[in-house]
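Peer 1: My questions will all concern the structure given below.
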Amino acid sequence: MNRRELLLQDAEHVWHPYSSMSGANPVFPVASARGVRLQLADGRELIDGMSSWWCAIHGYNHPVLNAAIESQLQNMAHVMFGGLTHEPAVTLAQRLVELTPAGLDTVFFADSGSVAVEVAMKMAIQYWAALGQPKQRFLSLRNGYHGDTFGAMSVCDPVTGMHGLFTGTLAKQLFAPAPEPVFGQPCSKAHLQAFRTLLETYRSEIAAVILEPIVQGAGGMRFYSADYLRKVRELCNEHDVLLIADEIATGFGRSGKLFACEWAGISPDILCLGKALTGGYLTLAATLTSKRVSDTISHHEPGAFMHGPTFMANPLACAAANASIGLLLSSPWQDHIRNIEQALERGLAPARELPAVAEVRVLGAIGVIELKHPVDMKIIQPAFVDAGVWVRPFGKLVYLMPAYVIQTQDLQQLCAATVDVVTRHS
Ligand code: PMP
């Protein structure tokens with residue numbers, strides 16, 4: 001299919017993420033991707049600043065990941081996971097238990113981040129039901145984002161999470177204000193007052209607190225205090241409420257620690273992983289929990305955890321995940337992240353002087369330019385492409401989260417082009 005025909009058919013039949021079928025916003029056909037470069041069908045080459053939404057941490061078309069999938073394909077692409085098991089899944093589960101914060105010993109594989117969040121919420125509900133103390137509500141944070149399915153959406157920020165459209169169907173959850181102290185700052189008693197009050201008032205109804213540790217992603221790209229997270233963990237213990245950490249975006253090094261919970265030295269009761277789990281190759285997610293939770297669910301009526309996706313623990317995806325984790329751990333990833341952090345800090349700093357910019361902030365391999373007003377995607381998206389970079393802003397946020405393997409020169413070019421486009425188009 002030639003490029004023109006592809007775009008015509010796309011506009012006619014294909015719905016893209018968070019988009020209308022009116023054809024107002026352009027899409028760009030990609031022919032291939034290698035390393036940190038996307039090759040467009042019209043021959044242009046873009047430096048990728050997005051890692052395909054936090055996923056492609058080793059870059060695209062990586063020989064080790066390709067080989068892992070090709071090798072697994074010789075054995076089996078998929079088998080059902082009900083009543084069967086296989087080496088790629090068991091190896092991956094073992095590795096995740098080893099790498100994640102202490103006390104998370106049971107792994108449930110799911111097929112996307114949103115489903116991993118649904119699974120986490122169901123685990124929390126079944127845990128309390130098993131104990132004979134039914135609790136079915138969740139306490140979440142404003143500016144949080146946890147996915148697009150109904151359970152996940154119910155714990156997303158009620159304004160940016162589009163609750164208005166679905167009020168009749170969405171479960172009514174509780175929301176504490178977004179954490180005020182920023183990353184690096186201490187958290188005072190006053191900072192947690194509203195959170196504590198909600199927890200005290202509704203403790204008999206709250207199955208779990210759910211949050212994104214340290215980095216609030218799609219709900220605002222905010223970096224908050226590790227001390228806040230540590231104190232939330234203490235409050236959950238005090239009030240006998242489970243803590244669900246959604247590390248779907250932050251997992252596997254993005255914030256500078258392998259898992260963002262490590263900044264606070266805490267372990268959640270339930271942990272959600274996804275995105276970079278397979279190095280961006282295939283869709284796979286995992287929900288980990290403690291033996292306390294899995295044993296309690298397993299030893300009480302109905303004696304089983306009630307979830308089981310068709311493509312659970314897909315062997316190709318598990319093989320990609322094992323290879324991706326191997327690649328990450330055998331690389332000096334902390335040095336890579338530190339270098340990216342410094343380069344983002346230097347490269348995005350000039351944006352601080354722009355009148356349209358509210359704030360520039362960087363943590364690990366995440367750089368954010370927050371504007372005072374939302375961007376016009378119709379204008380800014382083609383401008384980024386013309387500048388030779390792939391950057392996809394949302395609302396007031398222009399952000400970069402490159403692959404960990406990006407070279408200094410590419411990163412400098414990415415930052416310079418980003419600041420230049422923001423200067424001209426915001
Ligand atoms: N939680 C967080 C923190 C996320 O960033 C995302 C994806 N943006 C999700 C959950 C949902 O993951 P998925 O898109 O794979 O369903």
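Just remember, in the structure tokens the first chain shown is A, the second B, etc., residues are 1-based per chain, and ligands are 1-based in the order shown.
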Within 7 Å of ligand 1, which residues show up when you count only C-alpha atoms and all ligand atoms? List them as a ChimeraX atom specification, please.
Peer 2: /A:53,112-115,117,145-148,212,217-218,246-249,274-275
Peer 1: Could you write out that same residue set with all heavy atoms as a short mmCIF file (atom, residue, chain, number, x, y, z; two decimals), in the first residue's frame?
Peer 2:
```
data_model
loop_
_atom_site.label_atom_id
_atom_site.label_comp_id
_atom_site.auth_asym_id
_atom_site.auth_seq_id
_atom_site.Cartn_x
_atom_site.Cartn_y
_atom_site.Cartn_z
N TRP A 53 5.75 5.73 24.71
CA TRP A 53 5.03 5.83 26.00
C TRP A 53 5.68 4.96 27.07
O TRP A 53 5.07 4.03 27.58
CB TRP A 53 3.53 5.49 25.84
CG TRP A 53 2.73 6.63 25.27
CD1 TRP A 53 3.02 7.96 25.32
CD2 TRP A 53 1.47 6.54 24.57
NE1 TRP A 53 2.04 8.69 24.70
CE2 TRP A 53 1.07 7.85 24.24
CE3 TRP A 53 0.65 5.48 24.19
CZ2 TRP A 53 -0.11 8.13 23.55
CZ3 TRP A 53 -0.53 5.76 23.51
CH2 TRP A 53 -0.90 7.06 23.19
N SER A 112 -2.19 -6.08 29.88
CA SER A 112 -1.93 -4.65 29.69
C SER A 112 -1.91 -3.99 31.06
O SER A 112 -2.34 -4.59 32.05
CB SER A 112 -3.01 -3.99 28.83
OG SER A 112 -4.20 -3.84 29.58
N GLY A 113 -1.42 -2.77 31.10
CA GLY A 113 -1.32 -2.06 32.36
C GLY A 113 -2.68 -1.89 33.02
O GLY A 113 -2.84 -2.13 34.24
N SER A 114 -3.67 -1.48 32.24
CA SER A 114 -5.00 -1.25 32.82
C SER A 114 -5.54 -2.53 33.45
O SER A 114 -6.14 -2.50 34.53
CB SER A 114 -5.98 -0.77 31.74
OG SER A 114 -5.54 0.43 31.18
N VAL A 115 -5.32 -3.65 32.78
CA VAL A 115 -5.81 -4.92 33.32
C VAL A 115 -5.03 -5.27 34.60
O VAL A 115 -5.62 -5.76 35.57
CB VAL A 115 -5.73 -6.05 32.28
CG1 VAL A 115 -6.10 -7.40 32.88
CG2 VAL A 115 -6.65 -5.75 31.10
N VAL A 117 -4.04 -3.21 36.73
CA VAL A 117 -4.65 -2.38 37.79
C VAL A 117 -6.00 -2.99 38.21
O VAL A 117 -6.31 -3.08 39.40
CB VAL A 117 -4.81 -0.92 37.32
CG1 VAL A 117 -5.67 -0.11 38.28
CG2 VAL A 117 -3.44 -0.27 37.16
N TYR A 145 -3.10 8.71 37.54
CA TYR A 145 -3.58 8.05 36.32
C TYR A 145 -3.27 6.56 36.43
O TYR A 145 -2.14 6.18 36.75
CB TYR A 145 -2.91 8.63 35.05
CG TYR A 145 -3.33 7.86 33.83
CD1 TYR A 145 -4.58 8.10 33.23
CD2 TYR A 145 -2.56 6.83 33.33
CE1 TYR A 145 -5.00 7.34 32.15
CE2 TYR A 145 -2.98 6.05 32.25
CZ TYR A 145 -4.20 6.33 31.68
OH TYR A 145 -4.64 5.57 30.61
N HIS A 146 -4.26 5.72 36.16
CA HIS A 146 -4.05 4.28 36.32
C HIS A 146 -4.59 3.45 35.16
O HIS A 146 -4.60 2.22 35.26
CB HIS A 146 -4.68 3.81 37.64
CG HIS A 146 -4.06 4.46 38.85
ND1 HIS A 146 -2.83 4.09 39.34
CD2 HIS A 146 -4.48 5.49 39.63
CE1 HIS A 146 -2.52 4.85 40.38
NE2 HIS A 146 -3.50 5.71 40.58
N GLY A 147 -5.06 4.07 34.10
CA GLY A 147 -5.52 3.29 32.96
C GLY A 147 -6.93 3.65 32.54
O GLY A 147 -7.59 4.49 33.17
N ASP A 148 -7.40 3.00 31.50
CA ASP A 148 -8.65 3.42 30.84
C ASP A 148 -9.82 2.46 31.01
O ASP A 148 -10.92 2.75 30.53
CB ASP A 148 -8.38 3.61 29.34
CG ASP A 148 -7.48 4.81 29.08
OD1 ASP A 148 -7.27 5.61 30.01
OD2 ASP A 148 -7.00 4.96 27.94
N GLU A 212 0.61 6.15 42.15
CA GLU A 212 1.84 5.98 41.38
C GLU A 212 2.96 6.50 42.28
O GLU A 212 2.95 7.68 42.64
CB GLU A 212 1.80 6.84 40.11
CG GLU A 212 0.70 6.49 39.13
CD GLU A 212 0.31 7.72 38.32
OE1 GLU A 212 -0.49 8.54 38.83
OE2 GLU A 212 0.79 7.88 37.21
N GLY A 217 2.27 10.21 36.39
CA GLY A 217 2.53 10.29 34.96
C GLY A 217 1.48 11.06 34.19
O GLY A 217 1.42 12.30 34.24
N ALA A 218 0.62 10.33 33.48
CA ALA A 218 -0.31 10.95 32.54
C ALA A 218 -1.27 11.95 33.21
O ALA A 218 -1.89 12.75 32.53
CB ALA A 218 -1.09 9.86 31.81
N ASP A 246 1.31 1.55 41.67
CA ASP A 246 1.22 1.40 40.21
C ASP A 246 2.55 1.88 39.62
O ASP A 246 2.77 3.08 39.47
CB ASP A 246 0.02 2.20 39.70
CG ASP A 246 -0.08 2.20 38.18
OD1 ASP A 246 0.86 1.72 37.52
OD2 ASP A 246 -1.10 2.71 37.67
N GLU A 247 3.44 0.93 39.33
CA GLU A 247 4.75 1.25 38.74
C GLU A 247 4.77 0.88 37.25
O GLU A 247 5.82 0.55 36.70
CB GLU A 247 5.87 0.51 39.48
CG GLU A 247 6.08 0.99 40.90
CD GLU A 247 7.52 1.41 41.19
OE1 GLU A 247 8.26 1.76 40.24
OE2 GLU A 247 7.88 1.41 42.37
N ILE A 248 3.60 0.94 36.64
CA ILE A 248 3.51 0.59 35.21
C ILE A 248 4.39 1.53 34.39
O ILE A 248 5.08 1.10 33.47
CB ILE A 248 2.03 0.60 34.77
CG1 ILE A 248 1.33 -0.62 35.40
CG2 ILE A 248 1.89 0.62 33.26
CD1 ILE A 248 -0.17 -0.54 35.44
N ALA A 249 4.39 2.81 34.75
CA ALA A 249 5.23 3.77 34.02
C ALA A 249 6.65 3.85 34.60
O ALA A 249 7.62 3.97 33.87
CB ALA A 249 4.58 5.15 34.04
N GLY A 274 4.20 -2.99 33.96
CA GLY A 274 3.78 -3.14 32.55
C GLY A 274 4.78 -2.41 31.67
O GLY A 274 5.97 -2.39 31.96
N LYS A 275 4.30 -1.81 30.62
CA LYS A 275 5.10 -0.96 29.72
C LYS A 275 6.50 -1.49 29.42
O LYS A 275 6.67 -2.31 28.55
CB LYS A 275 5.14 0.46 30.29
CG LYS A 275 3.77 1.15 30.21
CD LYS A 275 3.88 2.61 30.49
CE LYS A 275 2.56 3.33 30.45
NZ LYS A 275 2.16 3.76 29.12
#
```
Peer 1: With 8 Å as the cut-off and only C-alpha atoms counted, what is the closest atom pair between each nearby residue of stretch 241-313 of chain A and stretch 89-101 of chain A? Distances in Å to one decimal, ordered by chain and number, as a tab-separated table.
Peer 2:
```
residue	atom	partner	partner_atom	distance
A:Phe259	CA	A:Thr100	CA	7.0
A:Cys261	CA	A:Pro101	CA	7.5
A:Glu262	CA	A:Pro101	CA	7.3
A:Ile266	CA	A:Pro101	CA	7.2
A:Ser267	CA	A:Pro101	CA	5.2
A:Pro268	CA	A:Pro101	CA	7.8
A:Leu288	CA	A:Val97	CA	7.9
A:Ala313	CA	A:Ala89	CA	5.9
```
Peer 1: Print the selection's residues with C-alpha atoms to a file, as a compact mmCIF listing (two decimals), in the first residue's frame.
Peer 2:
```txt
# COMPACT_ATOMS: atom_id res chain seq x y z
CA PHE A 259 11.44 0.77 41.04
CA CYS A 261 9.20 2.69 45.62
CA GLU A 262 12.94 2.34 46.37
CA ILE A 266 8.95 0.95 51.01
CA SER A 267 7.23 -2.21 49.82
CA PRO A 268 3.62 -2.01 48.71
CA LEU A 288 2.63 -8.87 42.29
CA ALA A 313 1.66 -15.09 30.51
```
Peer 1: Could you list, as a list in words, every residue within 9 Å of A:Leu131, counting only C-alpha atoms and ignoring same-chain residues fewer than 2 positions away?
Peer 2: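 With the cut-off at 9 Å, the set is Gln126, Tyr127, Trp128, Ala129, Gln133, Pro134, Thr296, Ile297 and His300 of chain A.
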Peer 1: With distances taken over only C-alpha atoms, which residue among A:Val360, A:Leu328, A:Met50, A:Ala245 lies nearest A:Leu277?
Peer 2: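 Counting only C-alpha atoms, the residue closest to A:Leu277 is A:Leu328.
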Peer 1: Please determine, counting only C-alpha atoms, which residue among A:His373, A:Lys172, A:Arg203, A:Lys122 has the shortest atom-to-atom distance to A:Cys156.
Peer 2: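 Checking each of A:His373, A:Lys172, A:Arg203, A:Lys122 against A:Cys156, counting only C-alpha atoms, the winner is A:Lys172.
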Peer 1: Between A:Gln173, A:Ser324, A:Gln136, A:Ser51, which residue has the minimum interatomic distance to A:Trp390, considering only C-alpha atoms?
Peer 2: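 Of all the options, A:Ser51 lies closest to A:Trp390.
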Peer 1: For A:Asp157, which residue among A:Gln216, A:Lys231, A:Leu400, A:Leu192 is the nearest when counting only C-alpha atoms?
Peer 2: A:Gln216
Peer 1: Could you list, as a PyMOL selection string, every residue within 12 Å of A:Met121, counting only C-alpha atoms and ignoring same-chain residues fewer than 3 positions away?
Peer 2: chain A and resi 114-118+124-128+135-140+146+149-155+171+173+206-211+242-246+269-272+287-289+305-307
Peer 1: Run DSSP on the backbone and give me the residues of stretch 180-417 of chain A it puts in alpha helix (DSSP H), as a short mmCIF file (atom, residue, chain, number, x, y, z; two decimals) with N, CA and C atoms, in the first residue's frame.
Peer 2:
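Listing of selection-v3.cif after writing:
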```
data_model
loop_
_atom_site.label_atom_id
_atom_site.label_comp_id
_atom_site.auth_asym_id
_atom_site.auth_seq_id
_atom_site.Cartn_x
_atom_site.Cartn_y
_atom_site.Cartn_z
N GLN A 193 -2.54 15.96 56.01
CA GLN A 193 -3.76 16.10 56.81
C GLN A 193 -5.00 15.57 56.09
N ALA A 194 -5.20 16.02 54.84
CA ALA A 194 -6.42 15.63 54.11
C ALA A 194 -6.42 14.12 53.85
N PHE A 195 -5.26 13.59 53.52
CA PHE A 195 -5.14 12.16 53.25
C PHE A 195 -5.49 11.37 54.53
N ARG A 196 -4.89 11.83 55.65
CA ARG A 196 -5.11 11.13 56.93
C ARG A 196 -6.60 11.16 57.32
N THR A 197 -7.21 12.31 57.12
CA THR A 197 -8.63 12.45 57.50
C THR A 197 -9.49 11.48 56.68
N LEU A 198 -9.21 11.40 55.38
CA LEU A 198 -10.00 10.47 54.54
C LEU A 198 -9.80 9.03 54.99
N LEU A 199 -8.55 8.70 55.30
CA LEU A 199 -8.24 7.33 55.72
C LEU A 199 -8.94 7.01 57.04
N GLU A 200 -8.89 7.96 57.98
CA GLU A 200 -9.52 7.73 59.28
C GLU A 200 -11.04 7.61 59.15
N THR A 201 -11.60 8.49 58.33
CA THR A 201 -13.07 8.54 58.22
C THR A 201 -13.62 7.29 57.53
N TYR A 202 -12.91 6.83 56.50
CA TYR A 202 -13.47 5.75 55.66
C TYR A 202 -12.72 4.42 55.80
N ALA A 226 9.57 11.65 48.38
CA ALA A 226 9.70 10.26 48.83
C ALA A 226 9.21 10.14 50.28
N ASP A 227 9.39 11.22 51.04
CA ASP A 227 8.95 11.24 52.43
C ASP A 227 7.42 11.10 52.51
N TYR A 228 6.73 11.73 51.56
CA TYR A 228 5.26 11.60 51.48
C TYR A 228 4.89 10.13 51.31
N LEU A 229 5.57 9.48 50.38
CA LEU A 229 5.26 8.07 50.09
C LEU A 229 5.54 7.19 51.31
N ARG A 230 6.66 7.47 51.98
CA ARG A 230 7.02 6.69 53.19
C ARG A 230 5.92 6.84 54.24
N LYS A 231 5.43 8.07 54.39
CA LYS A 231 4.41 8.31 55.42
C LYS A 231 3.06 7.71 55.03
N VAL A 232 2.77 7.68 53.74
CA VAL A 232 1.54 7.02 53.28
C VAL A 232 1.60 5.54 53.64
N ARG A 233 2.76 4.93 53.42
CA ARG A 233 2.93 3.51 53.78
C ARG A 233 2.65 3.31 55.28
N GLU A 234 3.20 4.20 56.11
CA GLU A 234 2.98 4.09 57.57
C GLU A 234 1.50 4.23 57.91
N LEU A 235 0.85 5.21 57.26
CA LEU A 235 -0.58 5.43 57.55
C LEU A 235 -1.41 4.22 57.13
N CYS A 236 -1.07 3.61 56.00
CA CYS A 236 -1.81 2.42 55.55
C CYS A 236 -1.65 1.30 56.58
N ASN A 237 -0.44 1.13 57.10
CA ASN A 237 -0.22 0.10 58.13
C ASN A 237 -1.06 0.39 59.36
N GLU A 238 -0.99 1.67 59.79
CA GLU A 238 -1.71 2.07 61.00
C GLU A 238 -3.21 1.83 60.89
N LYS A 291 2.59 -12.95 50.07
CA LYS A 291 1.99 -14.25 50.43
C LYS A 291 0.79 -14.03 51.35
N ARG A 292 0.87 -12.99 52.18
CA ARG A 292 -0.26 -12.72 53.08
C ARG A 292 -1.54 -12.54 52.26
N VAL A 293 -1.44 -11.72 51.19
CA VAL A 293 -2.63 -11.47 50.37
C VAL A 293 -3.00 -12.72 49.56
N SER A 294 -2.01 -13.33 48.91
CA SER A 294 -2.37 -14.47 48.04
C SER A 294 -2.84 -15.67 48.86
N ASP A 295 -2.24 -15.90 50.04
CA ASP A 295 -2.68 -17.02 50.88
C ASP A 295 -4.10 -16.76 51.42
N THR A 296 -4.33 -15.53 51.84
CA THR A 296 -5.66 -15.21 52.39
C THR A 296 -6.74 -15.45 51.33
N ILE A 297 -6.48 -14.97 50.12
CA ILE A 297 -7.46 -15.17 49.04
C ILE A 297 -7.61 -16.66 48.74
N SER A 298 -6.50 -17.38 48.75
CA SER A 298 -6.52 -18.78 48.33
C SER A 298 -7.18 -19.72 49.35
N PRO A 315 3.88 -16.67 26.14
CA PRO A 315 5.31 -17.06 26.15
C PRO A 315 6.21 -16.12 25.35
N LEU A 316 5.75 -15.62 24.22
CA LEU A 316 6.59 -14.69 23.46
C LEU A 316 6.86 -13.43 24.27
N ALA A 317 5.81 -12.92 24.92
CA ALA A 317 5.97 -11.71 25.73
C ALA A 317 6.87 -11.97 26.93
N CYS A 318 6.70 -13.14 27.56
CA CYS A 318 7.56 -13.47 28.72
C CYS A 318 9.01 -13.61 28.28
N ALA A 319 9.24 -14.21 27.10
CA ALA A 319 10.61 -14.35 26.60
C ALA A 319 11.21 -12.97 26.35
N ALA A 320 10.42 -12.07 25.78
CA ALA A 320 10.91 -10.71 25.54
C ALA A 320 11.23 -10.03 26.87
N ALA A 321 10.36 -10.24 27.87
CA ALA A 321 10.58 -9.61 29.18
C ALA A 321 11.85 -10.15 29.84
N ASN A 322 12.06 -11.46 29.76
CA ASN A 322 13.28 -12.04 30.35
C ASN A 322 14.52 -11.45 29.69
N ALA A 323 14.46 -11.33 28.36
CA ALA A 323 15.61 -10.77 27.63
C ALA A 323 15.80 -9.29 27.97
N SER A 324 14.70 -8.57 28.09
CA SER A 324 14.79 -7.13 28.38
C SER A 324 15.37 -6.89 29.77
N ILE A 325 14.93 -7.69 30.74
CA ILE A 325 15.46 -7.53 32.10
C ILE A 325 16.95 -7.90 32.12
N GLY A 326 17.29 -8.96 31.38
CA GLY A 326 18.71 -9.35 31.29
C GLY A 326 19.56 -8.22 30.72
N LEU A 327 19.07 -7.62 29.63
CA LEU A 327 19.79 -6.51 29.00
C LEU A 327 19.96 -5.34 29.97
N LEU A 328 18.87 -5.01 30.65
CA LEU A 328 18.91 -3.86 31.56
C LEU A 328 19.94 -4.10 32.66
N LEU A 329 19.85 -5.27 33.30
CA LEU A 329 20.70 -5.51 34.47
C LEU A 329 22.17 -5.71 34.09
N TRP A 333 22.96 0.74 33.72
CA TRP A 333 21.76 1.55 33.49
C TRP A 333 21.68 2.77 34.41
N GLN A 334 22.23 2.63 35.63
CA GLN A 334 22.19 3.80 36.54
C GLN A 334 22.99 4.96 35.94
N ASP A 335 24.16 4.62 35.33
CA ASP A 335 24.97 5.67 34.69
C ASP A 335 24.22 6.28 33.52
N HIS A 336 23.57 5.42 32.73
CA HIS A 336 22.81 5.94 31.59
C HIS A 336 21.74 6.92 32.06
N ILE A 337 21.01 6.52 33.09
CA ILE A 337 19.91 7.38 33.56
C ILE A 337 20.48 8.70 34.12
N ARG A 338 21.58 8.59 34.87
CA ARG A 338 22.19 9.80 35.45
C ARG A 338 22.64 10.74 34.32
N ASN A 339 23.25 10.18 33.28
CA ASN A 339 23.71 11.02 32.15
C ASN A 339 22.52 11.66 31.44
N ILE A 340 21.46 10.87 31.25
CA ILE A 340 20.27 11.43 30.58
C ILE A 340 19.68 12.55 31.44
N GLU A 341 19.63 12.30 32.75
CA GLU A 341 19.07 13.31 33.66
C GLU A 341 19.84 14.63 33.53
N GLN A 342 21.18 14.53 33.55
CA GLN A 342 22.00 15.75 33.45
C GLN A 342 21.80 16.43 32.09
N ALA A 343 21.73 15.62 31.03
CA ALA A 343 21.58 16.19 29.69
C ALA A 343 20.20 16.84 29.53
N LEU A 344 19.17 16.21 30.10
CA LEU A 344 17.82 16.79 30.02
C LEU A 344 17.80 18.11 30.80
N GLU A 345 18.42 18.09 31.96
CA GLU A 345 18.46 19.30 32.81
C GLU A 345 19.11 20.45 32.02
N ARG A 346 20.28 20.16 31.43
CA ARG A 346 21.00 21.18 30.65
C ARG A 346 20.22 21.58 29.40
N GLY A 347 19.72 20.57 28.68
CA GLY A 347 19.13 20.82 27.37
C GLY A 347 17.78 21.52 27.44
N LEU A 348 17.02 21.26 28.50
CA LEU A 348 15.69 21.88 28.60
C LEU A 348 15.70 23.19 29.38
N MET A 377 -2.28 20.76 19.10
CA MET A 377 -1.65 19.57 18.51
C MET A 377 -1.55 19.64 16.99
N LYS A 378 -2.56 20.29 16.38
CA LYS A 378 -2.56 20.37 14.91
C LYS A 378 -1.31 21.10 14.40
N ILE A 379 -0.84 22.04 15.22
CA ILE A 379 0.32 22.83 14.81
C ILE A 379 1.62 22.24 15.34
N ILE A 380 1.61 21.89 16.61
CA ILE A 380 2.89 21.52 17.24
C ILE A 380 3.37 20.13 16.80
N GLN A 381 2.43 19.20 16.55
CA GLN A 381 2.88 17.85 16.19
C GLN A 381 3.67 17.84 14.87
N PRO A 382 3.12 18.45 13.78
CA PRO A 382 3.92 18.50 12.55
C PRO A 382 5.20 19.31 12.72
N ALA A 383 5.18 20.31 13.61
CA ALA A 383 6.39 21.11 13.82
C ALA A 383 7.50 20.24 14.43
N PHE A 384 7.15 19.37 15.36
CA PHE A 384 8.16 18.46 15.92
C PHE A 384 8.72 17.54 14.82
N VAL A 385 7.81 17.03 14.00
CA VAL A 385 8.26 16.12 12.93
C VAL A 385 9.17 16.87 11.96
N ASP A 386 8.78 18.09 11.61
CA ASP A 386 9.64 18.88 10.71
C ASP A 386 11.01 19.14 11.35
N THR A 408 24.65 10.91 23.62
CA THR A 408 24.64 12.32 24.05
C THR A 408 24.24 13.27 22.92
N GLN A 409 24.82 13.04 21.74
CA GLN A 409 24.56 13.98 20.64
C GLN A 409 23.07 13.96 20.23
N ASP A 410 22.49 12.76 20.17
CA ASP A 410 21.07 12.65 19.83
C ASP A 410 20.21 13.34 20.90
N LEU A 411 20.62 13.16 22.14
CA LEU A 411 19.84 13.75 23.24
C LEU A 411 19.92 15.28 23.19
N GLN A 412 21.12 15.77 22.89
CA GLN A 412 21.26 17.23 22.78
C GLN A 412 20.38 17.77 21.65
N GLN A 413 20.39 17.03 20.52
CA GLN A 413 19.58 17.45 19.37
C GLN A 413 18.08 17.38 19.71
N LEU A 414 17.71 16.33 20.42
CA LEU A 414 16.30 16.17 20.83
C LEU A 414 15.86 17.34 21.73
N CYS A 415 16.69 17.68 22.70
CA CYS A 415 16.34 18.77 23.62
C CYS A 415 16.30 20.11 22.87
N ALA A 416 17.29 20.35 22.02
CA ALA A 416 17.36 21.63 21.30
C ALA A 416 16.14 21.79 20.40
N ALA A 417 15.78 20.71 19.69
CA ALA A 417 14.62 20.78 18.79
C ALA A 417 13.34 20.99 19.61
#
```
Peer 1: Given the choices A:Tyr281, A:Phe394, A:Ser188, A:Ser426, which gets closest to A:Leu354 if the distance is worked out from only C-alpha atoms?
Peer 2: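 Of all the options, A:Ser426 lies closest to A:Leu354.
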